[in-house]
Structure formats: C-alpha cells, structure tokens
Amino acid sequence: MHLLEVNEMSIQFGGLKAVDDITFAVDKGEILGLIGPNGAGKTTIFNLLTSVYTPTSGDILLNGKSIVGNSTWQTVDSGLARTFQNIRLFKNLSALDNVRIGFHGLEHYSLASTLLRLPSYWRDEKDLTRKALAILDIFGLKSIAGVQAQNLPYGQQRKLEICRALASDPQLLLLDEPAAGMNPTETQELMSMIRFVKDHFKLAIILIEHDMSLVMNICERLIVLDYGRIIARGLPDEIKQNQAVITAYLGNPLEEDA
C-alpha cells in the first residue's frame with residue numbers, strides 16, 4: 001500500500017479547472033519533486049492534499065484512508081504536514097513557542113487542569129518544552145529558542161517553519177519552495193537538511209521547487225505539471241530530456257517564429 005494515493009483529483013473554480021484529473025502516489029521514505037512553470041497548479045495541489053481545498057472530483061488516500069472532507073487539523077493529525085511558499089510563522093512568538101504550537105495534538109491535559117494549573121498541566125507543559133527544544137537542537141536553533149520569530153534571519157525562519165511542521169509527527173511532509181530567497185550556500189545547506197529530515201524522521205517528502213539544481217540532485221522521482229495537468233513523470237535524468245517539459249518551461253521556438 002502506498003503512503004499517499006491521489007486518484008483522478010480535480011478542482012474547478014468557476015469556469016477554470018485549476019487541477020485536472022491528477023493521479024500519482026508516494027511511498028514511505030521517498031522524495032518526490034512536483035515541478036512546473038508558475039501557475040501550473042502545484043500549490044493548489046498542496047492545498048488539496050492538506051484539506052485547505054476540497055476536490056471537485058477524485059479521491060486522496062493517506063495510509064489507505066480517504067482524507068477528502070477532513071478539516072485541516074484532522075489531516076495534520078492523520079500524518080500530513082506542510083510548509084508554505086511565503087513563510088507563515090507566528091512572528092511575535094519565540095522560536096520555542098512556534099514549535100510548541102506544532103505539538104497541539106499531543107496535549108493531554110484537560111480544561112480543568114489548565115485553569116487550575118494542576119500538576120498534570122505542568123508535567124505536560126514541561127514535556128512539550130523538552131520535545132520542542134530537542135527539535136530546535138537538531139537543527140542548530142536551540143540557542144535562539146527565546147528569540148521572536150520575526151527577529152530571526154531568513155534562513156533560520158525557513159528552518160523554524162520546518163521544525164514546527166515536524167512537531168506534529170508527520171509521515172508525509174510537503175515543502176513549498178523551501179529554497180525561495182536563499183543564496184547558493186544556504187541552498188546547499190537546505191539540500192543536506194532535507195536528506196537528513198527524511199532519514200532521521202523516517203518520512204516521505206513532496207517538494208515544490210523552482211531551483212532545478214536542488215530538484216535534480218535530491219528528488220528520486222519527478223512529476224511535471226502544466227496548466228493543471230501532468231505532462232511528464234519519471235526519474236530526474238528522464239525529465240531533463242523530455243521535450244514536453246522543455247517546451248513548457250522555455251516555449252516552442254517554432255510557434256514563436258510563426
């Protein structure tokens with residue numbers, strides 16, 4: 001059984017079919033690249049997978065169970081987490097509190113114990129703080145645990161968003177353009193970090209990215225989208241040579257001459 005199965009998934013906004021009959025699967029421990037020109041439907045697919053949107057037709061199975069109709073928090077609890085193209089941290093909260101928020105599903109204390117500050121509340125709070133610090137430490141961010149997210153450098157904010165996503169203990173992590181705005185050195189570091197995340201946390205990753213060097217070096221398979229449809233799928237070396245992909249990115253010289 002695949003970890004994720006997407007079967008004939010489509011979504012229509014008025015007269016526009018933004019995602020059209022998409023079918024693919026992701027296996028445990030795999031890094032799958034989702035690429036295509038701007039407006040191809042990549043982020044829309046992420047929004048469908050994370051229950052921000054509901055498909056007009058088709059189905060999405062996670063561990064063999066349909067997640068269509070779930071709320072976003074139910075989908076997260078099912079084992080699917082994401083980051084965003086535009087960083088969405090709680091900017092006025094510390095790095096530590098941003099990661100603690102990711103543990104929301106692991107809180108066991110009751111409303112009464114929270115209001116009365118019973119021992120069970122403090123035990124859980126201490127445990128969540130310990131786990132959040134452990135994740136920050138893995139990514140070299142423990143020393144800035146008390147710093148507000150908005151005061152962190154861009155690269156650290158990107159790392160922090162990944163930390164928060166990992167706090168929900170996902171089986172599948174969706175990364176939406178994690179290298180956006182990074183310089184070459186930061187991109188190389190990100191590449192190593194993605195491999196580490198996959199192996200250390202034993203999860204699968206779907207990556208949306210425009211940096212083709214990153215994509216070709218880290219993804220095991222690629223799916224290429226154009227105008228909401230899959231136009232190619234295969235190994236990175238196969239995609240490099242695919243004429244439909246080259247045309248989608250660069251245009252058709254013969255058509256332009258005509």
# chains A, B, ... in the order shown; residues from 1 in each chain; ligands from 1

$ residues_around --residues "stretch 189-201 of chain A" --least-positions-apart "6" --cutoff "7 Å" --atoms "only C-alpha atoms" --output "list in words"
Gly29, Leu214 and Ile218 of chain A

$ residues_around --residues "A:Ala204" --least-positions-apart "5" --cutoff "9 Å" --atoms "only C-alpha atoms" --output "PDB file with C-alpha atoms, in the first residue's frame"
ATOM      1  CA  LEU A   3       1.620   6.064   1.824  1.00  0.00           C
ATOM      2  CA  VAL A  26       4.053   8.485  -2.879  1.00  0.00           C
ATOM      3  CA  ASP A  27       5.785   5.696  -0.981  1.00  0.00           C
ATOM      4  CA  LYS A  28       7.278   5.762   2.501  1.00  0.00           C
ATOM      5  CA  GLY A  29      10.748   7.293   2.641  1.00  0.00           C
ATOM      6  CA  GLU A  30      10.539   8.806  -0.849  1.00  0.00           C
ATOM      7  CA  ILE A  31      11.363  12.342  -2.001  1.00  0.00           C
ATOM      8  CA  LEU A  32       9.051  13.297  -4.867  1.00  0.00           C
ATOM      9  CA  PRO A 170       4.057  13.646  10.195  1.00  0.00           C
ATOM     10  CA  GLN A 171       4.543  10.670   7.922  1.00  0.00           C
ATOM     11  CA  LEU A 172       4.483  12.932   4.862  1.00  0.00           C
ATOM     12  CA  LEU A 173       5.983  16.428   4.728  1.00  0.00           C
ATOM     13  CA  LEU A 174       5.084  18.904   1.981  1.00  0.00           C
ATOM     14  CA  LYS A 198      13.864  12.210   5.548  1.00  0.00           C
TER      15      LYS A 198
END

$ closest_residue --among "A:Leu141, A:Ile206, A:Ala25, A:Leu49" --to "A:Gln156" --atoms "only C-alpha atoms"
A:Leu141

$ closest_residue --among "A:Leu166, A:Ile11, A:Ile101, A:Leu225" --to "A:Lys202" --atoms "only C-alpha atoms"
A:Leu166

$ residues_around --residues "A:Ser66" --least-positions-apart "5" --cutoff "10 Å" --atoms "only C-alpha atoms" --output "PyMOL selection string"
chain A and resi 4-6+59-61

$ write_last_selection --atoms "N, CA and C atoms" --output "PDB file, in the first residue's frame"
ATOM      1  N   LEU A   4       0.673   7.624   0.225  1.00  0.00           N
ATOM      2  CA  LEU A   4      -0.307   8.579  -0.304  1.00  0.00           C
ATOM      3  C   LEU A   4      -0.726   8.139  -1.696  1.00  0.00           C
ATOM      4  N   GLU A   5      -2.029   8.148  -1.949  1.00  0.00           N
ATOM      5  CA  GLU A   5      -2.564   7.882  -3.285  1.00  0.00           C
ATOM      6  C   GLU A   5      -3.515   9.005  -3.676  1.00  0.00           C
ATOM      7  N   VAL A   6      -3.261   9.602  -4.813  1.00  0.00           N
ATOM      8  CA  VAL A   6      -4.129  10.640  -5.362  1.00  0.00           C
ATOM      9  C   VAL A   6      -4.753  10.076  -6.629  1.00  0.00           C
ATOM     10  N   ASP A  59     -10.200  11.407  -5.393  1.00  0.00           N
ATOM     11  CA  ASP A  59     -10.012  10.997  -4.007  1.00  0.00           C
ATOM     12  C   ASP A  59      -8.542  11.129  -3.614  1.00  0.00           C
ATOM     13  N   ILE A  60      -8.294  11.283  -2.313  1.00  0.00           N
ATOM     14  CA  ILE A  60      -6.956  11.347  -1.741  1.00  0.00           C
ATOM     15  C   ILE A  60      -6.914  10.359  -0.588  1.00  0.00           C
ATOM     16  N   LEU A  61      -6.015   9.389  -0.669  1.00  0.00           N
ATOM     17  CA  LEU A  61      -5.905   8.366   0.369  1.00  0.00           C
ATOM     18  C   LEU A  61      -4.568   8.499   1.081  1.00  0.00           C
TER      19      LEU A  61
END

$ residues_around --residues "A:Gly140" --least-positions-apart "5" --cutoff "10 Å" --atoms "only C-alpha atoms" --output "VMD selection string"
chain A and resid 134 to 135 156 159

$ write_last_selection --atoms "N, CA and C atoms" --output "PDB file, in the first residue's frame"
ATOM      1  N   ALA A 134      14.333  19.831  21.818  1.00  0.00           N
ATOM      2  CA  ALA A 134      15.072  18.752  21.161  1.00  0.00           C
ATOM      3  C   ALA A 134      15.045  18.928  19.642  1.00  0.00           C
ATOM      4  N   ILE A 135      13.870  19.307  19.095  1.00  0.00           N
ATOM      5  CA  ILE A 135      13.779  19.535  17.644  1.00  0.00           C
ATOM      6  C   ILE A 135      14.622  20.740  17.240  1.00  0.00           C
ATOM      7  N   GLN A 156      17.030  31.016   8.999  1.00  0.00           N
ATOM      8  CA  GLN A 156      16.591  30.402  10.253  1.00  0.00           C
ATOM      9  C   GLN A 156      15.070  30.344  10.338  1.00  0.00           C
ATOM     10  N   LYS A 159      14.094  27.269   8.477  1.00  0.00           N
ATOM     11  CA  LYS A 159      14.341  26.090   9.305  1.00  0.00           C
ATOM     12  C   LYS A 159      13.278  25.952  10.392  1.00  0.00           C
TER      13      LYS A 159
END

$ closest_residue --among "A:Pro184, A:Asp226, A:Ile35, A:Gly69" --to "A:Lys240" --atoms "only C-alpha atoms"
A:Ile35

$ atom_distance --atom1 "atom CA of A:Gln241" --atom2 "atom CA of A:Ala179"
23.9 Å

$ atom_distance --atom1 "atom CA of A:Arg100" --atom2 "atom CA of A:Cys163"
9.7 Å

$ residues_around --residues "stretch 83-91 of chain A" --least-positions-apart "2" --cutoff "6 Å" --atoms "only C-alpha atoms" --output "PyMOL selection string"
chain A and resi 93+149-150+175-177

$ write_last_selection --atoms "C-alpha atoms" --output "compact mmCIF listing (two decimals), in the first residue's frame"
# COMPACT_ATOMS: atom_id res chain seq x y z
CA LEU A 93 6.13 34.41 19.42
CA ALA A 149 10.47 34.59 15.04
CA GLN A 150 10.32 37.97 13.28
CA LEU A 175 7.73 21.57 1.31
CA ASP A 176 6.53 24.51 -0.80
CA GLU A 177 9.56 26.26 -2.36

$ atom_distance --atom1 "atom CA of A:Thr72" --atom2 "atom CA of A:Gly36"
25.4 Å

$ select_by_dssp --residues "stretch 180-245 of chain A" --states "strand (DSSP E)" --output "PDB file with N, CA and C atoms, in the first residue's frame"
ATOM      1  N   ALA A 204       8.263  10.588   4.279  1.00  0.00           N
ATOM      2  CA  ALA A 204       8.305  10.898   2.850  1.00  0.00           C
ATOM      3  C   ALA A 204       8.146  12.406   2.669  1.00  0.00           C
ATOM      4  N   ILE A 205       8.645  12.908   1.545  1.00  0.00           N
ATOM      5  CA  ILE A 205       8.614  14.346   1.281  1.00  0.00           C
ATOM      6  C   ILE A 205       8.140  14.595  -0.149  1.00  0.00           C
ATOM      7  N   ILE A 206       7.236  15.559  -0.302  1.00  0.00           N
ATOM      8  CA  ILE A 206       6.903  16.095  -1.624  1.00  0.00           C
ATOM      9  C   ILE A 206       7.428  17.519  -1.658  1.00  0.00           C
ATOM     10  N   LEU A 207       8.199  17.811  -2.681  1.00  0.00           N
ATOM     11  CA  LEU A 207       8.908  19.086  -2.765  1.00  0.00           C
ATOM     12  C   LEU A 207       8.452  19.875  -3.986  1.00  0.00           C
ATOM     13  N   ILE A 208       7.962  21.089  -3.765  1.00  0.00           N
ATOM     14  CA  ILE A 208       7.745  22.046  -4.847  1.00  0.00           C
ATOM     15  C   ILE A 208       8.944  22.988  -4.854  1.00  0.00           C
ATOM     16  N   ARG A 221      12.083  10.920  -7.784  1.00  0.00           N
ATOM     17  CA  ARG A 221      11.160  10.954  -8.941  1.00  0.00           C
ATOM     18  C   ARG A 221      10.637  12.370  -9.096  1.00  0.00           C
ATOM     19  N   LEU A 222      10.205  12.682 -10.318  1.00  0.00           N
ATOM     20  CA  LEU A 222       9.640  13.998 -10.580  1.00  0.00           C
ATOM     21  C   LEU A 222       8.301  13.872 -11.297  1.00  0.00           C
ATOM     22  N   ILE A 223       7.381  14.765 -10.945  1.00  0.00           N
ATOM     23  CA  ILE A 223       6.123  14.935 -11.674  1.00  0.00           C
ATOM     24  C   ILE A 223       6.105  16.368 -12.175  1.00  0.00           C
ATOM     25  N   VAL A 224       5.823  16.533 -13.465  1.00  0.00           N
ATOM     26  CA  VAL A 224       5.831  17.863 -14.073  1.00  0.00           C
ATOM     27  C   VAL A 224       4.409  18.257 -14.439  1.00  0.00           C
ATOM     28  N   LEU A 225       4.011  19.458 -14.004  1.00  0.00           N
ATOM     29  CA  LEU A 225       2.673  19.978 -14.256  1.00  0.00           C
ATOM     30  C   LEU A 225       2.725  21.137 -15.243  1.00  0.00           C
ATOM     31  N   ASP A 226       1.671  21.278 -16.010  1.00  0.00           N
ATOM     32  CA  ASP A 226       1.479  22.465 -16.840  1.00  0.00           C
ATOM     33  C   ASP A 226      -0.017  22.654 -17.029  1.00  0.00           C
ATOM     34  N   ARG A 229      -2.344  19.997 -15.397  1.00  0.00           N
ATOM     35  CA  ARG A 229      -2.296  18.598 -15.802  1.00  0.00           C
ATOM     36  C   ARG A 229      -0.870  18.072 -15.711  1.00  0.00           C
ATOM     37  N   ILE A 230      -0.736  16.766 -15.518  1.00  0.00           N
ATOM     38  CA  ILE A 230       0.580  16.139 -15.522  1.00  0.00           C
ATOM     39  C   ILE A 230       1.010  15.935 -16.970  1.00  0.00           C
ATOM     40  N   ILE A 231       2.162  16.499 -17.318  1.00  0.00           N
ATOM     41  CA  ILE A 231       2.669  16.341 -18.692  1.00  0.00           C
ATOM     42  C   ILE A 231       3.855  15.380 -18.764  1.00  0.00           C
ATOM     43  N   ALA A 232       4.446  15.058 -17.607  1.00  0.00           N
ATOM     44  CA  ALA A 232       5.562  14.111 -17.602  1.00  0.00           C
ATOM     45  C   ALA A 232       5.784  13.621 -16.183  1.00  0.00           C
ATOM     46  N   ARG A 233       6.334  12.426 -16.080  1.00  0.00           N
ATOM     47  CA  ARG A 233       6.723  11.862 -14.793  1.00  0.00           C
ATOM     48  C   ARG A 233       7.865  10.891 -15.044  1.00  0.00           C
ATOM     49  N   GLY A 234       8.790  10.812 -14.070  1.00  0.00           N
ATOM     50  CA  GLY A 234       9.912   9.904 -14.248  1.00  0.00           C
ATOM     51  C   GLY A 234      11.104  10.296 -13.410  1.00  0.00           C
TER      52      GLY A 234
END

$ closest_residue --among "A:Ile162, A:Val68, A:Ala81, A:Leu16" --to "A:Phe46" --atoms "only C-alpha atoms"
A:Ala81

$ closest_residue --among "A:Ser71, A:Gln157, A:Asn98, A:Ser168" --to "A:Met182" --atoms "only C-alpha atoms"
A:Gln157

$ closest_residue --among "A:Gly15, A:Asp137, A:Asn7, A:Ile45" --to "A:Gly228" --atoms "only C-alpha atoms"
A:Ile45

$ select_by_dssp --residues "stretch 93-204 of chain A" --states "helix (DSSP H, G or I)" --output "PyMOL selection string"
chain A and resi 95-102+104-106+111-116+119-138+142-144+149-151+154-166+184-201

$ write_last_selection --atoms "C-alpha atoms" --output "mmCIF file, in the first residue's frame"
data_model
loop_
_atom_site.group_PDB
_atom_site.id
_atom_site.type_symbol
_atom_site.label_atom_id
_atom_site.label_comp_id
_atom_site.auth_asym_id
_atom_site.auth_seq_id
_atom_site.Cartn_x
_atom_site.Cartn_y
_atom_site.Cartn_z
ATOM 1 C CA ALA A 95 11.075 30.162 18.192
ATOM 2 C CA LEU A 96 10.328 27.762 21.052
ATOM 3 C CA ASP A 97 6.635 28.682 21.189
ATOM 4 C CA ASN A 98 6.325 28.328 17.406
ATOM 5 C CA VAL A 99 7.495 24.721 17.676
ATOM 6 C CA ARG A 100 5.383 24.055 20.791
ATOM 7 C CA ILE A 101 2.301 25.032 18.780
ATOM 8 C CA GLY A 102 3.119 22.180 16.410
ATOM 9 C CA HIS A 104 -1.023 20.772 19.772
ATOM 10 C CA GLY A 105 -2.257 17.222 19.116
ATOM 11 C CA LEU A 106 -0.053 15.791 21.868
ATOM 12 C CA LEU A 111 -9.521 22.279 30.548
ATOM 13 C CA ALA A 112 -9.914 21.968 34.302
ATOM 14 C CA SER A 113 -6.244 21.108 34.865
ATOM 15 C CA THR A 114 -5.288 24.065 32.665
ATOM 16 C CA LEU A 115 -7.470 26.555 34.520
ATOM 17 C CA LEU A 116 -6.454 25.248 37.942
ATOM 18 C CA PRO A 119 0.341 19.031 38.409
ATOM 19 C CA SER A 120 -0.770 17.176 35.247
ATOM 20 C CA TYR A 121 -0.796 20.503 33.373
ATOM 21 C CA TRP A 122 2.747 21.378 34.428
ATOM 22 C CA ARG A 123 4.002 17.868 33.609
ATOM 23 C CA ASP A 124 2.657 18.087 30.058
ATOM 24 C CA GLU A 125 3.937 21.632 29.622
ATOM 25 C CA LYS A 126 7.419 20.578 30.721
ATOM 26 C CA ASP A 127 7.348 17.569 28.395
ATOM 27 C CA LEU A 128 6.259 19.664 25.375
ATOM 28 C CA THR A 129 9.005 22.198 26.069
ATOM 29 C CA ARG A 130 11.586 19.414 26.255
ATOM 30 C CA LYS A 131 10.430 17.952 22.930
ATOM 31 C CA ALA A 132 10.375 21.366 21.236
ATOM 32 C CA LEU A 133 13.911 22.143 22.433
ATOM 33 C CA ALA A 134 15.072 18.752 21.161
ATOM 34 C CA ILE A 135 13.779 19.535 17.644
ATOM 35 C CA LEU A 136 15.353 23.001 17.702
ATOM 36 C CA ASP A 137 18.631 21.433 18.817
ATOM 37 C CA ILE A 138 18.622 19.013 15.873
ATOM 38 C CA LYS A 142 18.338 25.763 20.369
ATOM 39 C CA SER A 143 20.425 28.842 21.168
ATOM 40 C CA ILE A 144 17.761 31.134 19.657
ATOM 41 C CA ALA A 149 10.471 34.593 15.040
ATOM 42 C CA GLN A 150 10.318 37.967 13.285
ATOM 43 C CA ASN A 151 13.830 38.805 14.506
ATOM 44 C CA TYR A 154 15.520 34.441 6.700
ATOM 45 C CA GLY A 155 17.332 31.098 6.586
ATOM 46 C CA GLN A 156 16.591 30.402 10.253
ATOM 47 C CA GLN A 157 12.929 31.277 9.728
ATOM 48 C CA ARG A 158 12.790 28.658 6.972
ATOM 49 C CA LYS A 159 14.341 26.090 9.305
ATOM 50 C CA LEU A 160 11.945 27.060 12.093
ATOM 51 C CA GLU A 161 8.930 26.508 9.867
ATOM 52 C CA ILE A 162 10.189 23.008 9.085
ATOM 53 C CA CYS A 163 10.725 22.402 12.820
ATOM 54 C CA ARG A 164 7.125 23.401 13.538
ATOM 55 C CA ALA A 165 5.840 21.060 10.809
ATOM 56 C CA LEU A 166 7.914 18.177 12.205
ATOM 57 C CA PRO A 184 23.700 29.165 -3.122
ATOM 58 C CA THR A 185 25.360 28.387 0.216
ATOM 59 C CA GLU A 186 22.017 28.300 2.032
ATOM 60 C CA THR A 187 20.553 26.138 -0.742
ATOM 61 C CA GLN A 188 23.340 23.569 -0.348
ATOM 62 C CA GLU A 189 22.703 23.500 3.386
ATOM 63 C CA LEU A 190 18.976 23.068 2.742
ATOM 64 C CA MET A 191 19.664 20.102 0.450
ATOM 65 C CA SER A 192 21.601 18.346 3.197
ATOM 66 C CA MET A 193 18.892 19.206 5.721
ATOM 67 C CA ILE A 194 16.099 17.719 3.576
ATOM 68 C CA ARG A 195 18.012 14.448 3.249
ATOM 69 C CA PHE A 196 18.637 14.440 6.998
ATOM 70 C CA VAL A 197 14.958 15.104 7.760
ATOM 71 C CA LYS A 198 13.864 12.210 5.548
ATOM 72 C CA ASP A 199 16.289 9.752 7.140
ATOM 73 C CA HIS A 200 16.159 10.940 10.767
ATOM 74 C CA PHE A 201 12.379 11.319 10.997
#

$ residues_around --residues "A:Gln12" --least-positions-apart "6" --cutoff "8 Å" --atoms "only C-alpha atoms" --output "PyMOL selection string"
chain A and resi 18-19+56
